[in-house]
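As stored in data.txt (compact mmCIF, C-alpha atoms):
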# COMPACT_ATOMS: atom_id res chain seq x y z
CA MET Y 92 -80.13 85.63 18.33
CA THR Y 93 -79.58 86.79 21.87
CA SER Y 94 -75.92 87.60 22.54
CA LYS Y 95 -76.09 85.77 25.87
CA GLY Y 96 -75.79 82.34 24.31
CA GLU Y 97 -73.03 80.48 22.49
CA ARG Y 98 -73.91 78.43 19.44
CA PHE Y 99 -72.95 74.77 19.18
CA VAL Y 100 -73.31 71.89 16.73
CA VAL Y 101 -72.87 68.16 17.35
CA ALA Y 102 -72.54 65.59 14.55
CA ALA Y 103 -71.44 61.96 14.59
CA ASP Y 104 -70.89 58.75 12.67
CA SER Y 105 -69.52 60.03 9.37
CA HIS Y 106 -67.59 56.74 8.97
CA GLY Y 107 -64.83 57.76 6.58
CA ASP Y 108 -65.48 56.52 3.06
CA GLN Y 109 -69.02 55.54 4.05
CA VAL Y 110 -70.04 59.19 4.47
CA ASP Y 111 -73.35 60.34 3.03
CA GLU Y 112 -72.40 63.17 0.69
CA GLU Y 113 -75.79 64.92 0.87
CA THR Y 114 -75.62 65.01 4.65
CA ALA Y 115 -72.00 66.17 4.72
CA ASN Y 116 -72.62 68.99 2.24
CA ALA Y 117 -75.75 70.11 4.09
CA LEU Y 118 -73.92 70.08 7.43
CA PHE Y 119 -71.01 72.14 6.12
CA ALA Y 120 -73.41 74.64 4.51
CA PHE Y 121 -75.37 74.86 7.77
CA CYS Y 122 -72.20 75.55 9.77
CA LYS Y 123 -71.28 78.31 7.34
CA ASP Y 124 -74.65 79.99 7.97
CA TYR Y 125 -75.13 79.20 11.67
CA LYS Y 126 -71.48 79.87 12.60
CA PRO Y 127 -71.33 77.70 15.73
CA THR Y 128 -68.36 78.52 17.95
CA ILE Y 129 -68.54 75.10 19.67
CA ARG Y 130 -68.20 72.12 17.32
CA VAL Y 131 -68.29 68.50 18.46
CA HIS Y 132 -67.75 65.39 16.38
CA ALA Y 133 -69.16 62.67 18.60
CA GLY Y 134 -67.26 59.74 17.14
CA ASP Y 135 -66.73 57.23 14.33
CA ALA Y 136 -65.04 59.66 11.99
CA TRP Y 137 -63.54 56.58 10.33
CA ASP Y 138 -65.05 53.21 9.53
CA PHE Y 139 -61.85 51.13 9.89
CA ARG Y 140 -63.84 48.02 8.92
CA ASN Y 141 -60.54 46.45 7.82
CA LEU Y 142 -59.54 46.40 11.48
CA ARG Y 143 -62.77 44.90 12.77
CA LYS Y 144 -62.49 41.59 14.58
CA GLY Y 145 -63.91 38.97 12.27
CA ALA Y 146 -63.73 41.25 9.22
CA SER Y 147 -64.82 39.57 5.98
CA ASP Y 148 -62.44 39.11 3.06
CA ASP Y 149 -64.17 42.00 1.27
CA GLU Y 150 -63.74 44.26 4.29
CA LYS Y 151 -60.08 43.35 4.60
CA ALA Y 152 -59.61 44.15 0.91
CA ALA Y 153 -61.22 47.60 1.17
CA SER Y 154 -58.92 50.60 0.82
CA LEU Y 155 -57.87 51.97 4.16
CA VAL Y 156 -56.41 54.96 2.31
CA ASP Y 157 -59.83 56.13 1.05
CA ASP Y 158 -61.34 55.61 4.48
CA TRP Y 159 -58.56 57.58 6.15
CA GLU Y 160 -58.56 60.48 3.70
CA GLN Y 161 -62.32 60.98 3.70
CA GLY Y 162 -62.45 60.81 7.49
CA VAL Y 163 -59.75 63.48 7.76
CA ASP Y 164 -61.46 65.67 5.15
CA PHE Y 165 -64.78 65.53 7.01
CA LEU Y 166 -63.19 66.42 10.34
CA ARG Y 167 -61.19 69.31 8.93
CA ARG Y 168 -64.15 70.83 7.11
CA PHE Y 169 -66.50 70.36 10.05
CA LEU Y 170 -64.14 71.79 12.68
CA ASP Y 171 -62.94 74.69 10.50
CA GLY Y 172 -64.28 77.92 11.98
CA GLY Y 173 -64.95 76.58 15.46
CA LYS Y 174 -63.36 78.27 18.45
CA VAL Y 175 -63.91 75.34 20.82
CA ASN Y 176 -63.54 72.00 19.01
CA HIS Y 177 -63.91 68.48 20.37
CA PHE Y 178 -63.57 64.99 18.95
CA LEU Y 179 -64.96 62.06 20.92
CA ARG Y 180 -63.53 58.82 19.59
CA GLY Y 181 -66.13 56.19 18.74
CA ASN Y 182 -65.86 52.42 18.87
CA HIS Y 183 -64.73 52.33 15.20
CA ASP Y 184 -62.05 54.99 15.77
CA GLU Y 185 -60.86 53.19 18.90
CA ARG Y 186 -59.80 50.19 16.83
CA MET Y 187 -56.61 52.09 15.99
CA TRP Y 188 -55.72 52.42 19.69
CA HIS Y 189 -56.65 48.80 20.34
CA PHE Y 190 -54.21 47.51 17.74
CA ALA Y 191 -51.47 49.94 18.84
CA HIS Y 192 -51.60 48.37 22.30
CA ASN Y 193 -52.53 44.77 21.54
CA ALA Y 194 -51.23 43.83 18.11
CA SER Y 195 -47.68 42.99 17.14
CA GLY Y 196 -45.36 43.59 14.21
CA LEU Y 197 -46.44 45.61 11.22
CA LEU Y 198 -50.06 46.05 12.38
CA ARG Y 199 -48.94 47.55 15.67
CA ASP Y 200 -46.53 49.88 13.88
CA TYR Y 201 -49.23 50.91 11.39
CA ALA Y 202 -51.70 51.63 14.20
CA SER Y 203 -49.12 53.64 16.14
CA ASP Y 204 -48.39 55.72 13.05
CA GLY Y 205 -52.14 56.17 12.49
CA ILE Y 206 -52.56 57.53 16.00
CA LYS Y 207 -49.82 60.09 15.39
CA ARG Y 208 -51.58 61.20 12.21
CA ILE Y 209 -54.89 61.58 14.06
CA GLU Y 210 -53.17 63.59 16.78
CA ARG Y 211 -51.74 65.90 14.10
CA VAL Y 212 -55.22 66.46 12.69
CA MET Y 213 -56.46 67.32 16.19
CA GLY Y 214 -53.57 69.73 16.67
CA GLN Y 215 -54.25 71.48 13.38
CA ALA Y 216 -57.94 71.84 14.26
CA LYS Y 217 -57.11 72.86 17.86
CA ALA Y 218 -59.49 70.13 18.97
CA VAL Y 219 -59.59 68.30 22.28
CA MET Y 220 -59.85 64.53 21.76
CA LEU Y 221 -61.51 62.19 24.25
CA PRO Y 222 -61.21 58.37 24.30
CA TYR Y 223 -64.01 55.91 23.77
CA ASP Y 224 -64.59 55.35 27.45
CA SER Y 225 -67.83 55.26 29.45
CA ARG Y 226 -66.32 57.46 32.17
CA HIS Y 227 -63.53 59.45 30.54
CA GLY Y 228 -65.14 59.89 27.13
CA VAL Y 229 -67.86 62.25 28.38
CA LEU Y 230 -67.89 65.87 27.22
CA ARG Y 231 -69.79 68.36 29.38
CA LEU Y 232 -71.32 71.43 27.77
CA GLY Y 233 -72.92 73.13 30.73
CA HIS Y 234 -75.78 70.88 31.90
CA LEU Y 235 -75.61 68.86 28.67
CA LYS Y 236 -73.32 65.86 28.18
CA VAL Y 237 -72.11 64.53 24.83
CA ILE Y 238 -70.96 60.92 24.39
CA HIS Y 239 -70.39 58.64 21.44
CA GLY Y 240 -72.77 56.06 22.85
CA PHE Y 241 -72.46 52.79 24.74
CA PHE Y 242 -75.87 51.13 24.29
CA ALA Y 243 -77.65 49.97 21.13
CA GLY Y 244 -81.09 48.76 20.18
CA MET Y 245 -84.59 49.99 20.92
CA GLY Y 246 -83.86 50.84 24.56
CA ALA Y 247 -80.61 52.72 23.94
CA ALA Y 248 -81.99 56.22 24.57
CA ARG Y 249 -83.57 55.30 27.89
CA ARG Y 250 -80.47 53.47 29.08
CA HIS Y 251 -78.32 56.47 28.17
CA SER Y 252 -80.67 58.85 29.98
CA ILE Y 253 -80.51 56.72 33.13
CA ALA Y 254 -76.71 56.55 33.05
CA TYR Y 255 -75.88 60.08 31.84
CA GLY Y 256 -78.95 62.26 32.34
CA ASN Y 257 -79.30 65.04 29.77
CA CYS Y 258 -77.08 63.93 26.91
CA LEU Y 259 -76.58 63.63 23.18
CA PHE Y 260 -75.27 60.37 21.76
CA GLY Y 261 -74.37 58.84 18.41
CA HIS Y 262 -73.46 55.19 17.84
CA THR Y 263 -77.00 53.96 17.07
CA HIS Y 264 -77.35 56.04 13.86
CA ALA Y 265 -80.93 56.78 14.95
CA THR Y 266 -82.79 59.92 16.01
CA ASP Y 267 -84.28 58.76 19.26
CA SER Y 268 -85.08 60.31 22.62
CA ALA Y 269 -86.16 59.19 26.06
CA PRO Y 270 -86.75 61.14 29.28
CA VAL Y 271 -86.37 59.75 32.79
CA GLU Y 272 -88.01 61.05 35.93
CA HIS Y 273 -85.98 63.40 38.15
CA ILE Y 274 -86.86 65.74 41.00
CA ASP Y 275 -85.26 68.66 39.13
CA GLY Y 276 -87.15 67.86 35.94
CA PRO Y 277 -86.94 65.10 33.34
CA ALA Y 278 -83.50 64.20 32.02
CA GLU Y 279 -83.49 63.41 28.31
CA ALA Y 280 -81.06 61.44 26.18
CA ARG Y 281 -81.26 62.11 22.47
CA GLY Y 282 -79.77 60.12 19.60
CA ILE Y 283 -78.42 62.60 17.08
CA GLY Y 284 -78.56 60.40 13.97
CA CYS Y 285 -75.65 59.85 11.61
CA CYS Y 286 -73.72 61.44 8.75
CA CYS Y 287 -72.98 58.15 6.98
CA ARG Y 288 -74.96 56.14 4.47
CA ILE Y 289 -78.06 54.47 5.82
CA ASP Y 290 -77.52 51.40 3.64
CA MET Y 291 -74.10 49.78 3.97
CA ALA Y 292 -72.82 46.31 3.18
CA TYR Y 293 -72.69 45.20 6.79
CA ASN Y 294 -76.36 46.03 7.54
CA GLN Y 295 -77.90 44.75 4.31
CA HIS Y 296 -80.16 42.30 6.16
CA SER Y 297 -80.63 44.30 9.35
CA VAL Y 298 -84.13 45.50 10.16
CA ASN Y 299 -82.61 47.86 12.74
CA LYS Y 300 -81.34 50.14 9.95
CA LEU Y 301 -84.95 51.11 9.25
CA ARG Y 302 -84.64 53.34 12.34
CA HIS Y 303 -81.55 55.14 11.04
CA ASP Y 304 -81.64 58.84 10.15
CA ASN Y 305 -79.20 61.28 8.56
CA ALA Y 306 -79.20 64.11 11.09
CA TRP Y 307 -77.27 66.32 13.51
CA CYS Y 308 -78.07 68.43 16.57
CA TYR Y 309 -77.39 72.09 17.25
CA GLY Y 310 -78.40 74.74 19.72
CA VAL Y 311 -77.46 77.53 22.10
CA LEU Y 312 -75.51 77.13 25.34
CA PHE Y 313 -76.20 79.81 27.96
CA PRO Y 314 -73.74 81.10 30.59
CA ASP Y 315 -75.58 79.37 33.45
CA GLY Y 316 -75.20 75.97 31.76
CA THR Y 317 -78.75 75.71 30.45
CA TYR Y 318 -79.27 75.20 26.74
CA GLN Y 319 -81.79 75.18 23.91
CA LEU Y 320 -81.54 72.17 21.61
CA PHE Y 321 -82.65 71.61 18.01
CA GLN Y 322 -82.26 68.80 15.49
CA ALA Y 323 -81.94 68.84 11.71
CA LYS Y 324 -82.58 65.64 9.79
CA LYS Y 325 -83.02 64.62 6.18
CA ILE Y 326 -86.58 64.82 4.89
CA ASN Y 327 -87.04 63.77 1.27
CA GLY Y 328 -83.40 64.57 0.52
CA HIS Y 329 -83.41 68.00 2.20
CA PHE Y 330 -82.54 69.43 5.61
CA TYR Y 331 -84.42 72.18 7.43
CA ALA Y 332 -82.76 74.22 10.16
CA ALA Y 333 -82.96 77.70 11.69
CA GLU Y 334 -80.10 80.13 11.04
CA SER Y 335 -80.87 82.20 14.14
CA VAL Y 336 -82.54 81.86 17.53
CA LYS Y 337 -84.48 84.74 19.04
CA GLN Y 338 -85.18 85.26 22.72
CA TYR Y 339 -88.70 86.24 23.84
What does this structure look like when you write it as structure tokens?
Amino acid sequence: MTSKGERFVVAADSHGDQVDEETANALFAFCKDYKPTIRVHAGDAWDFRNLRKGASDDEKAASLVDDWEQGVDFLRRFLDGGKVNHFLRGNHDERMWHFAHNASGLLRDYASDGIKRIERVMGQAKAVMLPYDSRHGVLRLGHLKVIHGFFAGMGAARRHSIAYGNCLFGHTHATDSAPVEHIDGPAEARGIGCCCRIDMAYNQHSVNKLRHDNAWCYGVLFPDGTYQLFQAKKINGHFYAAESVKQY
């Protein structure tokens, strides 16, 4: 690979105890080979379904301990080896901050303690954490932006490209892309897929999950802010990705 570029990887939506083990193991093996210096987890490291408004009795009964521990393990393994690490909180992660500011009693105390634990994980990984916020939760890697995602459904990619230009987003669990017209060239938003299970209890009857893909994005960021982008996704239980990028 040309020495002029810096390698990066962006993954999202590992969802704690709902992680897809095949995807996680493939991602960690890829990072070991590709050695990206910039690593970005684009949100929903935890599922926190227990904290969801309107959570079912089964969701409330699920172990928050397992969810927490697997979310921490994924983040630590993914960020290990990166020189520039970022964590963009997703809407599921943000539930902890919501309850810390809006709940009362034991739930507020639990959420406040959870935030401190997350901050310790970030400190250990030397990672910069951004909130789930449409303005302040935007990471800029040169001319490329990374967000968790704020739109869903079939038109999500196009709506993201209109709002954010060239960007990578999670949230939808789908590998999707849409360009919009611009005088300086088309701006493209790309859904990076997910690292969690495609089939989960909450989406059992959802047709939308048929669009979901286990995948991540990676590439090379050049000094002038331009970049080359690639995507690895599961095909028949396997992932295919390039270990090096050559300049011609």
Practice prompt. May I have the residues at most 6 Å from (-77.6, 66.8, 20.7) in the file's coordinates, counting only C-alpha atoms, as a ChimeraX atom specification?
Written response: /Y:101,259,283,308
Discussion item. Given all atoms listed in the file as the basis, pick out the residue of Y:Pro270, Y:Gly172, Y:Gly196, Y:Gly205 nearest to Y:Ile253.
Written reply: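 Among the listed residues, Y:Pro270 lies closest to Y:Ile253.
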Practice prompt. Mind listing whatever residues come within 12 Å of the point (-69.8, 74.2, 16.0)? Use only C-alpha atoms, file coordinates, and give them as a PyMOL selection string.
Written response: chain Y and resi 97-102+118-119+121-133+166+168-178+218+307-312
Worksheet item: Y:Asp267: which residues within 12 Å, counting only C-alpha atoms, same-chain residues fewer than 2 positions away excluded, as a PyMOL selection string?
Response: chain Y and resi 243-252+258-265+269-270+279-285+302-304+306-308+322+324
Worksheet item: Distance atom CA of Y:His189-atom CA of Y:Gln161, one decimal place?
Response: 21.4 Å
Worksheet entry | Atomic separation - atom CA of Y:Arg288 relative to atom CA of Y:Val110, Å |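 Separation of atom CA of Y:Val110 and atom CA of Y:Arg288: 5.8 Å.
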Discussion item. So that I can check the surroundings of Y:Arg199, please list as a ChimeraX atom specification every protein, DNA and RNA residue that reaches within 10 Å of it, counting all atoms listed in the file and ignoring chain neighbours fewer than 5 positions away.
Written reply: /Y:187-194,204-205
Practice prompt. Enter the distance from atom CA of Y:Ser297 to atom CA of Y:Val163, in Å, rounded to one decimal.
Written response: 28.4 Å
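With distances taken over all atoms listed in the file, Y:Asp164 is the one residue among Y:Leu301, Y:Ala117, Y:Gly96, Y:Asp164 lying closest to Y:Trp137.
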Worksheet entry | Residue among Y:Tyr201, Y:Leu179, Y:Thr317, Y:Ile326 lying closest to Y:Asn305, counting only C-alpha atoms |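 Once distances to Y:Asn305 are computed over only C-alpha atoms, the minimum belongs to Y:Ile326.
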Worksheet item: Which residue, Y:Gly107, Y:Gly276, Y:Gly228, Y:Gly233, has the smallest gap to Y:Gln319 when you use all atoms listed in the file?
Response: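 Among the listed residues, Y:Gly233 lies closest to Y:Gln319.
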Practice prompt. Could you check which of Y:Ile274, Y:Met220, Y:Cys286, Y:Val156 is closest to Y:Asn116, using only C-alpha atoms?
Written response: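 With only C-alpha atoms as the atom set, the closest residue is Y:Cys286.
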Repaired coordinates for stretch 307-322 of chain Y (N, CA and C atoms) as an mmCIF file, keeping the file's coordinate frame:
data_model
loop_
_atom_site.group_PDB
_atom_site.id
_atom_site.type_symbol
_atom_site.label_atom_id
_atom_site.label_comp_id
_atom_site.auth_asym_id
_atom_site.auth_seq_id
_atom_site.Cartn_x
_atom_site.Cartn_y
_atom_site.Cartn_z
ATOM 1 N N TRP Y 307 -78.204 65.792 12.512
ATOM 2 C CA TRP Y 307 -77.270 66.320 13.510
ATOM 3 C C TRP Y 307 -78.060 67.199 14.468
ATOM 4 N N CYS Y 308 -77.440 67.558 15.585
ATOM 5 C CA CYS Y 308 -78.070 68.430 16.570
ATOM 6 C C CYS Y 308 -77.307 69.748 16.668
ATOM 7 N N TYR Y 309 -78.013 70.789 17.058
ATOM 8 C CA TYR Y 309 -77.390 72.090 17.250
ATOM 9 C C TYR Y 309 -78.204 72.872 18.277
ATOM 10 N N GLY Y 310 -77.657 73.978 18.736
ATOM 11 C CA GLY Y 310 -78.400 74.740 19.720
ATOM 12 C C GLY Y 310 -77.623 75.921 20.255
ATOM 13 N N VAL Y 311 -78.062 76.386 21.422
ATOM 14 C CA VAL Y 311 -77.460 77.530 22.100
ATOM 15 C C VAL Y 311 -77.171 77.145 23.541
ATOM 16 N N LEU Y 312 -75.941 77.388 23.967
ATOM 17 C CA LEU Y 312 -75.510 77.130 25.340
ATOM 18 C C LEU Y 312 -75.439 78.461 26.075
ATOM 19 N N PHE Y 313 -76.143 78.565 27.213
ATOM 20 C CA PHE Y 313 -76.200 79.810 27.960
ATOM 21 C C PHE Y 313 -75.179 79.822 29.101
ATOM 22 N N PRO Y 314 -74.801 81.002 29.576
ATOM 23 C CA PRO Y 314 -73.740 81.100 30.590
ATOM 24 C C PRO Y 314 -74.006 80.310 31.866
ATOM 25 N N ASP Y 315 -75.281 80.110 32.219
ATOM 26 C CA ASP Y 315 -75.580 79.370 33.450
ATOM 27 C C ASP Y 315 -75.610 77.861 33.245
ATOM 28 N N GLY Y 316 -75.255 77.407 32.039
ATOM 29 C CA GLY Y 316 -75.200 75.970 31.760
ATOM 30 C C GLY Y 316 -76.451 75.403 31.126
ATOM 31 N N THR Y 317 -77.542 76.167 31.120
ATOM 32 C CA THR Y 317 -78.750 75.710 30.450
ATOM 33 C C THR Y 317 -78.562 75.824 28.937
ATOM 34 N N TYR Y 318 -79.450 75.248 28.195
ATOM 35 C CA TYR Y 318 -79.270 75.200 26.740
ATOM 36 C C TYR Y 318 -80.622 75.053 26.048
ATOM 37 N N GLN Y 319 -80.658 75.432 24.784
ATOM 38 C CA GLN Y 319 -81.790 75.180 23.910
ATOM 39 C C GLN Y 319 -81.295 74.286 22.785
ATOM 40 N N LEU Y 320 -82.014 73.194 22.535
ATOM 41 C CA LEU Y 320 -81.540 72.170 21.610
ATOM 42 C C LEU Y 320 -82.478 72.025 20.427
ATOM 43 N N PHE Y 321 -81.887 71.834 19.246
ATOM 44 C CA PHE Y 321 -82.650 71.610 18.010
ATOM 45 C C PHE Y 321 -82.015 70.438 17.253
ATOM 46 N N GLN Y 322 -82.777 69.904 16.296
ATOM 47 C CA GLN Y 322 -82.260 68.800 15.490
ATOM 48 C C GLN Y 322 -82.641 69.000 14.031
#
